[in-house]
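Here the structure comes first, spelled out in structure tokens, and everything after it is commentary.
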Amino acid sequence: MPTASDRRTFAIISHPDAGKTTLTEKLLLFGGAIHLAGEVKARGAARRARSDWMKIEQQRGISVTSSVMTFEREGVTFNLLDTPGHEDFSEDTYRTLTAVDSAVMVIDVAKGIESQTRKLFEVCRLRNVPIITFVNKVDREGRPVFETLDEVADLLQLDVTPMTWPVGMGGAFEGIYDLRSNRLLLPEGPSREFQGKVVETTGLDDPKLDELLSAEGLANLREDAELAMAGYAEFDGEAYRNGDLTPVYFGSALKEFGVDSLIKALAEYAPPPRPQPAEPAPVDPSNPEVTGFVFKVQANMDPNHRDRIAFMRLCSGTFKRGMKLIPSGHGKPIAVHSPILFFARERELADEAFPGDIIGIPNHGTLRVGDTLSERADVRFTGLPNFAPEILRRVALKDPTKTKQLRKALDDMAEEGVTQVFYPEIGSNWIIGVVGQLQLEVLLSRLDAEYKVAAGLEPAPFETARWVSSEDPADLKTFADLNRTAMAKDRDGNPVFLAKSAWEVGYVADRYPNVRFAATRER
Ligand code: GDP
């Protein structure tokens with residue numbers, strides 16, 4: 001009987017090109033891939049629509065939408081939530097990280113920690129998401145192992161524990177030694193390229209090693225390993241699960257080195273579903289009532305229907321097909337008759353889901369990102385943030401008779417988290433806000449293709465936005481009245497201050513100490 005403790009729900013965080021896609025493929029290959037979200041979606045008309053929509057991804061060679069991949073190994077079910085890895089990422093990426101229990105950080109051995117890795121890491125840190133580090137591409141020349149380990153420790157302020165050690169790199173690469181299990185992973189086959197052989201040893205002084213490795217490779221390994229064991233923290237499972245320590249694995253996703261060790265590490269150390277922050281109290285996965293939250297909404301698999309899939313992370317209880325769940329916010333129960341259960345080996349068997357699993361719920365726009373779904377109406381998960389946009393643009397409608405369609409489209413996309421929308425108090429120039437440039441392209445392409453609205457984007461006189469609030473409504477009113485030209489409402493009617501610069505935010509914050517200027521908003 002599957003339970004929450006068999007589940008490992010995780011994401012891979014990395015900078016573009018570090019090897020996330022390659023590693024994902026290999027994880028699915030090594031584990032028994034059960035169901036890929038893409039396969040579930042790709043049916044008939046939906047398949048065509050999907051590929052149209054994917055055009056933008058193909059053109060850019062990047063993945064715009066997140067999906068769910070599930071694989072199984074030795075009784076453990078792994079749910080891998082994909083996060084778009086491009087530099088211009090949306091809030092989707094961030095929100096996906098609210099739905100995982102742990103993360104694998106992939107870094108390129110030649111490049112170390114890069115900007116995107118760092119940003120995503122900070123999001124993980126906000127929620128104390130534990131991180132396993134995978135240093136990829138050791139089949140190529142890279143930086144010295146110690147340098148890489150020290151960089152992770154210094155930049156991310158984490159304890160590091162090397163769990164494996166590469167014997168040479170690039171042309172001198174001979175294999176990987178597992179410092180904990182004393183196994184040596186060796187290349188095999190005619191090209192001697194791929195990991196083929198695993199040799200058990202009794203330790204670094206096992207004479208077997210002399211036959212298996214070059215004299216130089218072995219001498220370096222022994223010396224390095226000794227230094228490493230003395231110089232780095234010993235692995236401590238609790239420190240890892242608290243997000244204070246990262247175990248580090250070396251490998252080559254391309255050559256399939258170290259992938260197996262990574263899966264084992266996830267099974268052995270990564271946390272199963274944890275209690276989730278909620279009002280009135282955190283929800284424990286052992287709670288028998290079904291609860292979950294929507295972390296992503298994906299629309300328009302088929303542009304002829306306004307269907308959406310809400311991705312819900314199950315937090316407690318055993319979900320059964322047909323179950324009635326109450327969405328927070330509007331209270332009317334919905335019956336979930338045709339959920340997409342990504343883990344199901346056979347679609348027909350897809351009848352149940354457990355804490356940590358992701359369920360796709362088709363709906364017509366009732367479900368929104370941040371919604372809690374539960375059997376009882378009084379629980380509400382907290383902590384799904386909206387992020388202050390870094391780019392603001394004015395939407396210029398080319399055909400003024402399409403105002404209604406435009407508003408609908410902007411609302412829809414705000415709801416999905418593609419963009420944010422702000423309706424200024426004065427004037428009719430709606431403003432959209434995004435975290436990355438790519439979101440702007442997605443917005444325009446979808447306005448045109450799905451809503452038949454021709455629109456352009458113009459520079460906005462604002463650079464950033466802050467959600468404003470105050471203890472005393474009178475303080476907020478005074479502020480809003482004096483700054484009317486910069487006041488707007490977000491999609492949910494919350495007051496927002498549009499600022500011309502980050503400097504201005506600081507300036508007004510000083511002048512109005514009783515008003516809070518928030519760069520994120522919990523939904
Ligand atoms: P992503 O952008 O992080 O998804 O990276 P990809 O998985 O697409 O990999 C980027 C490039 O690095 C591709 O050309 C891969 O073939 C290559 N690559 C990925 N893993 C390895 C590896 O372990 N060794 C080598 N030599 N190349 C790799």
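Lettering and numbering for the structure tokens are positional, with chains as A, B, ... in the shown order, residues counted from 1 in each chain, and ligands counted from 1 in the shown order.
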Cut-off 10 Å: closest chain A/ligand 1 atom pairs per residue, using only C-alpha atoms and all ligand atoms, as a tab-separated table:
residue	atom	partner	partner_atom_place_in_ligand_line	distance
A:Ile12	CA	ligand 1	3 (O)	9.3
A:Ile13	CA	ligand 1	3 (O)	8.8
A:Ser14	CA	ligand 1	3 (O)	6.3
A:His15	CA	ligand 1	3 (O)	6.1
A:Pro16	CA	ligand 1	2 (O)	3.9
A:Asp17	CA	ligand 1	2 (O)	3.3
A:Ala18	CA	ligand 1	3 (O)	4.1
A:Gly19	CA	ligand 1	7 (O)	3.3
A:Lys20	CA	ligand 1	3 (O)	3.7
A:Thr21	CA	ligand 1	4 (O)	3.6
A:Thr22	CA	ligand 1	7 (O)	3.7
A:Leu23	CA	ligand 1	7 (O)	6.3
A:Thr24	CA	ligand 1	7 (O)	7.8
A:Glu25	CA	ligand 1	7 (O)	8.5
A:Lys26	CA	ligand 1	20 (N)	9.9
A:Gly61	CA	ligand 1	2 (O)	9.1
A:Ile62	CA	ligand 1	2 (O)	7.8
A:Ser63	CA	ligand 1	4 (O)	9.0
A:Pro84	CA	ligand 1	4 (O)	8.9
A:Gly85	CA	ligand 1	2 (O)	6.6
A:His86	CA	ligand 1	2 (O)	7.6
A:Val106	CA	ligand 1	3 (O)	7.9
A:Ile107	CA	ligand 1	3 (O)	8.7
A:Asp108	CA	ligand 1	21 (C)	8.3
A:Val109	CA	ligand 1	23 (O)	9.2
A:Val135	CA	ligand 1	23 (O)	8.9
A:Asn136	CA	ligand 1	23 (O)	5.2
A:Lys137	CA	ligand 1	23 (O)	3.5
A:Val138	CA	ligand 1	23 (O)	6.5
A:Asp139	CA	ligand 1	24 (N)	5.6
A:Arg140	CA	ligand 1	26 (N)	5.4
A:Glu141	CA	ligand 1	26 (N)	8.9
A:Gly170	CA	ligand 1	26 (N)	8.4
A:Phe250	CA	ligand 1	23 (O)	9.7
A:Gly251	CA	ligand 1	23 (O)	6.6
A:Ser252	CA	ligand 1	23 (O)	3.3
A:Ala253	CA	ligand 1	23 (O)	4.0
A:Leu254	CA	ligand 1	23 (O)	4.0
A:Lys255	CA	ligand 1	23 (O)	5.9
A:Glu256	CA	ligand 1	23 (O)	7.4
A:Phe257	CA	ligand 1	23 (O)	7.8
A:Gly258	CA	ligand 1	23 (O)	9.6
A:Val259	CA	ligand 1	23 (O)	9.9
With N, CA and C atoms retained, could you export that selection as a tab-separated table (two decimals), in the first residue's frame?
chain	number	residue	atom	x	y	z
A	12	ILE	N	14.69	20.01	-10.15
A	12	ILE	CA	16.10	20.24	-10.45
A	12	ILE	C	16.29	21.73	-10.66
A	13	ILE	N	17.23	22.32	-9.95
A	13	ILE	CA	17.54	23.72	-10.18
A	13	ILE	C	18.91	23.82	-10.83
A	14	SER	N	19.03	24.68	-11.82
A	14	SER	CA	20.30	24.78	-12.53
A	14	SER	C	20.29	26.01	-13.42
A	15	HIS	N	21.45	26.32	-13.95
A	15	HIS	CA	21.59	27.38	-14.94
A	15	HIS	C	21.45	26.70	-16.31
A	16	PRO	N	20.91	27.42	-17.32
A	16	PRO	CA	20.82	26.81	-18.64
A	16	PRO	C	22.15	26.20	-19.07
A	17	ASP	N	22.05	25.01	-19.67
A	17	ASP	CA	23.21	24.30	-20.22
A	17	ASP	C	24.02	23.50	-19.22
A	18	ALA	N	23.63	23.54	-17.96
A	18	ALA	CA	24.39	22.76	-16.98
A	18	ALA	C	24.13	21.26	-17.16
A	19	GLY	N	23.00	20.93	-17.79
A	19	GLY	CA	22.72	19.52	-18.06
A	19	GLY	C	21.44	19.01	-17.42
A	20	LYS	N	20.54	19.91	-17.11
A	20	LYS	CA	19.29	19.49	-16.47
A	20	LYS	C	18.49	18.53	-17.34
A	21	THR	N	18.37	18.87	-18.62
A	21	THR	CA	17.56	18.03	-19.51
A	21	THR	C	18.19	16.65	-19.64
A	22	THR	N	19.48	16.63	-19.82
A	22	THR	CA	20.18	15.35	-19.97
A	22	THR	C	20.03	14.52	-18.70
A	23	LEU	N	20.20	15.17	-17.56
A	23	LEU	CA	20.06	14.44	-16.30
A	23	LEU	C	18.63	13.93	-16.12
A	24	THR	N	17.67	14.74	-16.48
A	24	THR	CA	16.27	14.32	-16.36
A	24	THR	C	16.03	13.05	-17.17
A	25	GLU	N	16.52	13.07	-18.41
A	25	GLU	CA	16.35	11.89	-19.27
A	25	GLU	C	16.98	10.66	-18.63
A	26	LYS	N	18.16	10.84	-18.07
A	26	LYS	CA	18.85	9.70	-17.49
A	26	LYS	C	18.16	9.21	-16.21
A	61	GLY	N	14.35	27.06	-28.22
A	61	GLY	CA	15.08	25.92	-27.68
A	61	GLY	C	15.01	25.82	-26.17
A	62	ILE	N	13.91	26.29	-25.62
A	62	ILE	CA	13.78	26.25	-24.17
A	62	ILE	C	12.40	25.78	-23.79
A	63	SER	N	12.24	25.47	-22.58
A	63	SER	CA	10.95	24.98	-22.12
A	63	SER	C	10.23	26.08	-21.35
A	84	PRO	N	11.25	25.56	-15.66
A	84	PRO	CA	11.90	26.13	-16.84
A	84	PRO	C	13.26	26.69	-16.45
A	85	GLY	N	14.26	26.41	-17.26
A	85	GLY	CA	15.61	26.76	-16.83
A	85	GLY	C	16.19	27.98	-17.51
A	86	HIS	N	15.41	28.59	-18.40
A	86	HIS	CA	15.97	29.72	-19.13
A	86	HIS	C	16.15	30.93	-18.23
A	106	VAL	N	22.04	21.18	-10.06
A	106	VAL	CA	23.02	20.70	-11.03
A	106	VAL	C	23.94	21.85	-11.40
A	107	ILE	N	25.24	21.63	-11.25
A	107	ILE	CA	26.18	22.65	-11.70
A	107	ILE	C	27.21	22.03	-12.65
A	108	ASP	N	27.66	22.85	-13.55
A	108	ASP	CA	28.64	22.44	-14.55
A	108	ASP	C	30.02	22.52	-13.89
A	109	VAL	N	30.77	21.45	-13.96
A	109	VAL	CA	32.05	21.40	-13.24
A	109	VAL	C	33.02	22.47	-13.74
A	135	VAL	N	27.42	17.68	-9.40
A	135	VAL	CA	28.39	18.40	-10.22
A	135	VAL	C	28.56	17.61	-11.51
A	136	ASN	N	28.09	18.21	-12.58
A	136	ASN	CA	27.97	17.48	-13.85
A	136	ASN	C	29.16	17.73	-14.79
A	137	LYS	N	29.27	16.86	-15.75
A	137	LYS	CA	30.24	16.97	-16.86
A	137	LYS	C	31.68	16.68	-16.44
A	138	VAL	N	31.90	15.79	-15.47
A	138	VAL	CA	33.28	15.49	-15.09
A	138	VAL	C	34.02	14.71	-16.17
A	139	ASP	N	33.28	14.29	-17.21
A	139	ASP	CA	33.96	13.66	-18.34
A	139	ASP	C	34.72	14.70	-19.16
A	140	ARG	N	34.50	15.97	-18.83
A	140	ARG	CA	35.23	17.05	-19.50
A	140	ARG	C	36.16	17.72	-18.51
A	141	GLU	N	37.09	18.48	-19.05
A	141	GLU	CA	37.96	19.24	-18.16
A	141	GLU	C	37.11	20.17	-17.31
A	170	GLY	N	37.98	14.98	-17.71
A	170	GLY	CA	38.29	15.14	-19.12
A	170	GLY	C	38.99	13.90	-19.66
A	250	PHE	N	29.36	13.77	-7.79
A	250	PHE	CA	29.98	14.13	-9.06
A	250	PHE	C	29.51	13.14	-10.12
A	251	GLY	N	29.45	13.59	-11.34
A	251	GLY	CA	29.02	12.66	-12.37
A	251	GLY	C	29.02	13.26	-13.74
A	252	SER	N	28.55	12.46	-14.67
A	252	SER	CA	28.37	12.91	-16.03
A	252	SER	C	27.02	12.40	-16.48
A	253	ALA	N	26.08	13.31	-16.61
A	253	ALA	CA	24.75	12.89	-17.02
A	253	ALA	C	24.84	12.28	-18.41
A	254	LEU	N	25.65	12.91	-19.25
A	254	LEU	CA	25.76	12.43	-20.63
A	254	LEU	C	26.29	11.01	-20.68
A	255	LYS	N	27.31	10.72	-19.89
A	255	LYS	CA	27.93	9.39	-19.92
A	255	LYS	C	27.35	8.47	-18.85
A	256	GLU	N	26.28	8.95	-18.25
A	256	GLU	CA	25.53	8.14	-17.28
A	256	GLU	C	26.31	7.80	-16.02
A	257	PHE	N	27.29	8.61	-15.73
A	257	PHE	CA	28.05	8.37	-14.50
A	257	PHE	C	27.40	9.08	-13.32
A	258	GLY	N	27.23	8.34	-12.24
A	258	GLY	CA	26.80	8.97	-11.01
A	258	GLY	C	25.30	9.20	-10.90
A	259	VAL	N	24.56	8.87	-11.96
A	259	VAL	CA	23.11	9.11	-11.94
A	259	VAL	C	22.44	8.15	-10.96
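Within region 112-151 of chain A, the backbone-based DSSP assignment of helix (DSSP H, G or I) covers Ser115, Gln116, Thr117, Arg118, Lys119, Leu120, Phe121, Glu122, Val123, Cys124, Arg125, Leu126, Val145, Phe146, Glu147, Thr148, Leu149, Asp150 and Glu151 of chain A.
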With C-alpha atoms kept, could you save the residues just selected as a compact mmCIF listing (two decimals), in the first residue's frame?
# COMPACT_ATOMS: atom_id res chain seq x y z
CA SER A 115 23.39 33.32 -11.79
CA GLN A 116 20.22 31.33 -12.37
CA THR A 117 21.28 28.55 -10.05
CA ARG A 118 21.86 31.12 -7.41
CA LYS A 119 18.45 32.78 -7.82
CA LEU A 120 16.66 29.46 -7.64
CA PHE A 121 18.75 28.43 -4.69
CA GLU A 122 17.63 31.55 -2.82
CA VAL A 123 14.01 30.57 -3.40
CA CYS A 124 14.74 27.12 -1.98
CA ARG A 125 16.42 28.70 1.00
CA LEU A 126 13.32 30.79 1.76
CA VAL A 145 37.11 19.43 -7.14
CA PHE A 146 38.15 21.39 -4.06
CA GLU A 147 37.51 24.67 -5.82
CA THR A 148 33.99 23.58 -6.73
CA LEU A 149 33.22 22.38 -3.22
CA ASP A 150 34.53 25.58 -1.67
CA GLU A 151 32.54 27.70 -4.05
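Closest approach to Gly231 (chain A) from the set A:Arg380, A:Asp481, A:Val68, A:Pro162 is made by A:Pro162, with distances taken over only C-alpha atoms.
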Task: Selection near Ala99 (chain A), 9 Å with only C-alpha atoms, sequence-local residues under 5 positions removed, as a ChimeraX atom specification - done: /A:9-11,81,293-295,312-313,356,358
Resulting file, chosen residues, N, CA and C atoms, as a PDB file, in the first residue's frame:
ATOM      1  N   THR A   9       9.216  14.082  -3.819  1.00  0.00           N
ATOM      2  CA  THR A   9       8.774  15.092  -4.777  1.00  0.00           C
ATOM      3  C   THR A   9       9.848  16.168  -4.834  1.00  0.00           C
ATOM      4  N   PHE A  10      10.486  16.300  -6.001  1.00  0.00           N
ATOM      5  CA  PHE A  10      11.637  17.197  -6.074  1.00  0.00           C
ATOM      6  C   PHE A  10      11.715  17.926  -7.405  1.00  0.00           C
ATOM      7  N   ALA A  11      12.581  18.904  -7.466  1.00  0.00           N
ATOM      8  CA  ALA A  11      12.815  19.657  -8.703  1.00  0.00           C
ATOM      9  C   ALA A  11      14.310  19.733  -8.925  1.00  0.00           C
ATOM     10  N   LEU A  81       9.319  17.579 -10.652  1.00  0.00           N
ATOM     11  CA  LEU A  81       8.610  18.723 -11.222  1.00  0.00           C
ATOM     12  C   LEU A  81       9.614  19.538 -12.008  1.00  0.00           C
ATOM     13  N   PHE A 293      -2.774  21.998  -2.710  1.00  0.00           N
ATOM     14  CA  PHE A 293      -2.846  23.362  -3.223  1.00  0.00           C
ATOM     15  C   PHE A 293      -2.431  23.412  -4.683  1.00  0.00           C
ATOM     16  N   VAL A 294      -2.985  24.400  -5.363  1.00  0.00           N
ATOM     17  CA  VAL A 294      -2.690  24.570  -6.784  1.00  0.00           C
ATOM     18  C   VAL A 294      -1.433  25.427  -6.903  1.00  0.00           C
ATOM     19  N   PHE A 295      -0.397  24.903  -7.551  1.00  0.00           N
ATOM     20  CA  PHE A 295       0.832  25.697  -7.687  1.00  0.00           C
ATOM     21  C   PHE A 295       1.045  26.154  -9.113  1.00  0.00           C
ATOM     22  N   MET A 312      -2.244  20.373  -8.889  1.00  0.00           N
ATOM     23  CA  MET A 312      -2.385  20.407  -7.437  1.00  0.00           C
ATOM     24  C   MET A 312      -1.374  19.477  -6.797  1.00  0.00           C
ATOM     25  N   ARG A 313      -0.703  19.981  -5.801  1.00  0.00           N
ATOM     26  CA  ARG A 313       0.147  19.108  -5.002  1.00  0.00           C
ATOM     27  C   ARG A 313      -0.681  18.606  -3.834  1.00  0.00           C
ATOM     28  N   GLY A 356       2.313  14.183  -1.711  1.00  0.00           N
ATOM     29  CA  GLY A 356       3.536  14.324  -2.504  1.00  0.00           C
ATOM     30  C   GLY A 356       3.257  14.195  -3.989  1.00  0.00           C
ATOM     31  N   ILE A 358       1.290  14.755  -7.627  1.00  0.00           N
ATOM     32  CA  ILE A 358       0.685  15.895  -8.316  1.00  0.00           C
ATOM     33  C   ILE A 358      -0.512  15.388  -9.114  1.00  0.00           C
TER      34      ILE A 358
END
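Around Arg376 (chain A), within 9 Å and counting only C-alpha atoms, the residues found are Glu289, Val290, Thr291, Leu325 and Ile326 of chain A, once anything fewer than 5 positions away on its own chain is removed.
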Task: strand (DSSP E) positions in region 291-490 of chain A, given as JSON, numbers by chain - done: {"A": [291, 292, 293, 294, 295, 296, 297, 298, 299, 308, 309, 310, 311, 312, 313, 314, 315, 316, 319, 320, 324, 325, 326, 327, 334, 335, 340, 341, 352, 353, 358, 359, 360, 361, 362, 363, 372, 373, 374, 380, 381, 385, 386, 387, 391, 392, 393, 394, 395, 396, 397, 420, 421, 422, 423, 424, 431, 432, 433, 434, 455, 456, 457, 458, 459, 464, 465, 466, 467, 468, 469, 470, 487, 488, 489, 490]}
Task: From A:Ile176, A:Leu397, A:Val100, A:Ile432, residue lying nearest Gly456 (chain A) [only C-alpha atoms] - done: A:Leu397
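The protein and nucleic acid residues lying at most 9 Å from region 317-320 of chain A are Thr3, Ala4, Pro285, Ser286, Asn287, Pro288, Glu289, Val290, Thr291, Val336, Ala350, Asp351, Glu352, Ala353, Phe354 and Pro355 of chain A, with only C-alpha atoms considered and sequence neighbours fewer than 6 positions away removed.
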- [ ] Fewer than 4 positions away in the same chain doesn't count, so skip those; otherwise give me all residues within 12 Å of Asn128 (chain A), counting only C-alpha atoms, as number ranges by chain.
- [x] A: 97-98, 100-103, 121-124, 158, 239-246, 271, 274
Open item on the list: Report as a list in words all protein, DNA and RNA residues lying within 7 Å of Ser328 (chain A), evaluated on only C-alpha atoms, omitting residues in the same chain fewer than 6 positions from it.
Closed with: Asp371, Thr372, Leu373, Ala377 and Arg380 of chain A
Take the residues that were just selected and, keeping N, CA and C atoms, output them as a compact mmCIF listing (two decimals), in the first residue's frame.
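out.txt, written as the output of this step:
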# COMPACT_ATOMS: atom_id res chain seq x y z
N ASP A 371 -4.82 28.45 -4.76
CA ASP A 371 -6.03 27.88 -4.14
C ASP A 371 -5.70 26.63 -3.33
N THR A 372 -6.36 26.51 -2.22
CA THR A 372 -6.32 25.27 -1.47
C THR A 372 -7.52 24.44 -1.88
N LEU A 373 -7.34 23.13 -2.01
CA LEU A 373 -8.48 22.25 -2.26
C LEU A 373 -8.51 21.26 -1.10
N ALA A 377 -13.73 22.84 4.47
CA ALA A 377 -13.53 24.16 3.88
C ALA A 377 -12.60 25.06 4.69
N ARG A 380 -6.36 26.38 4.78
CA ARG A 380 -5.83 27.22 3.70
C ARG A 380 -4.30 27.21 3.75
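If you look at CA of Val369 (chain A) and CA of Thr83 (chain A), they are 15.9 Å away from each other.
A straight line drawn from CA of Asn514 (chain A) to CA of Met487 (chain A) is 16.9 Å long.
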Open item on the list: Report, in Å with one decimal, the straight-line distance from CA of Gln439 (chain A) to CA of Val418 (chain A).
Closed with: 6.4 Å
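Residue nearest Ala233 (chain A) within the list A:Met163, A:Leu29, A:Val297, A:Leu209: A:Met163 [criterion: smallest interatomic distance, only C-alpha atoms].
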TODO: Find the residue from A:Glu375, A:Glu234, A:Asp399, A:Glu390 that sits nearest to Gln437 (chain A); use only C-alpha atoms when measuring.
DONE: A:Glu390
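Nearest-residue note for Gly203 (chain A): choosing from A:Asn182, A:Thr464, A:Thr93, A:Thr419, the minimum distance belongs to A:Asn182, counting only C-alpha atoms.
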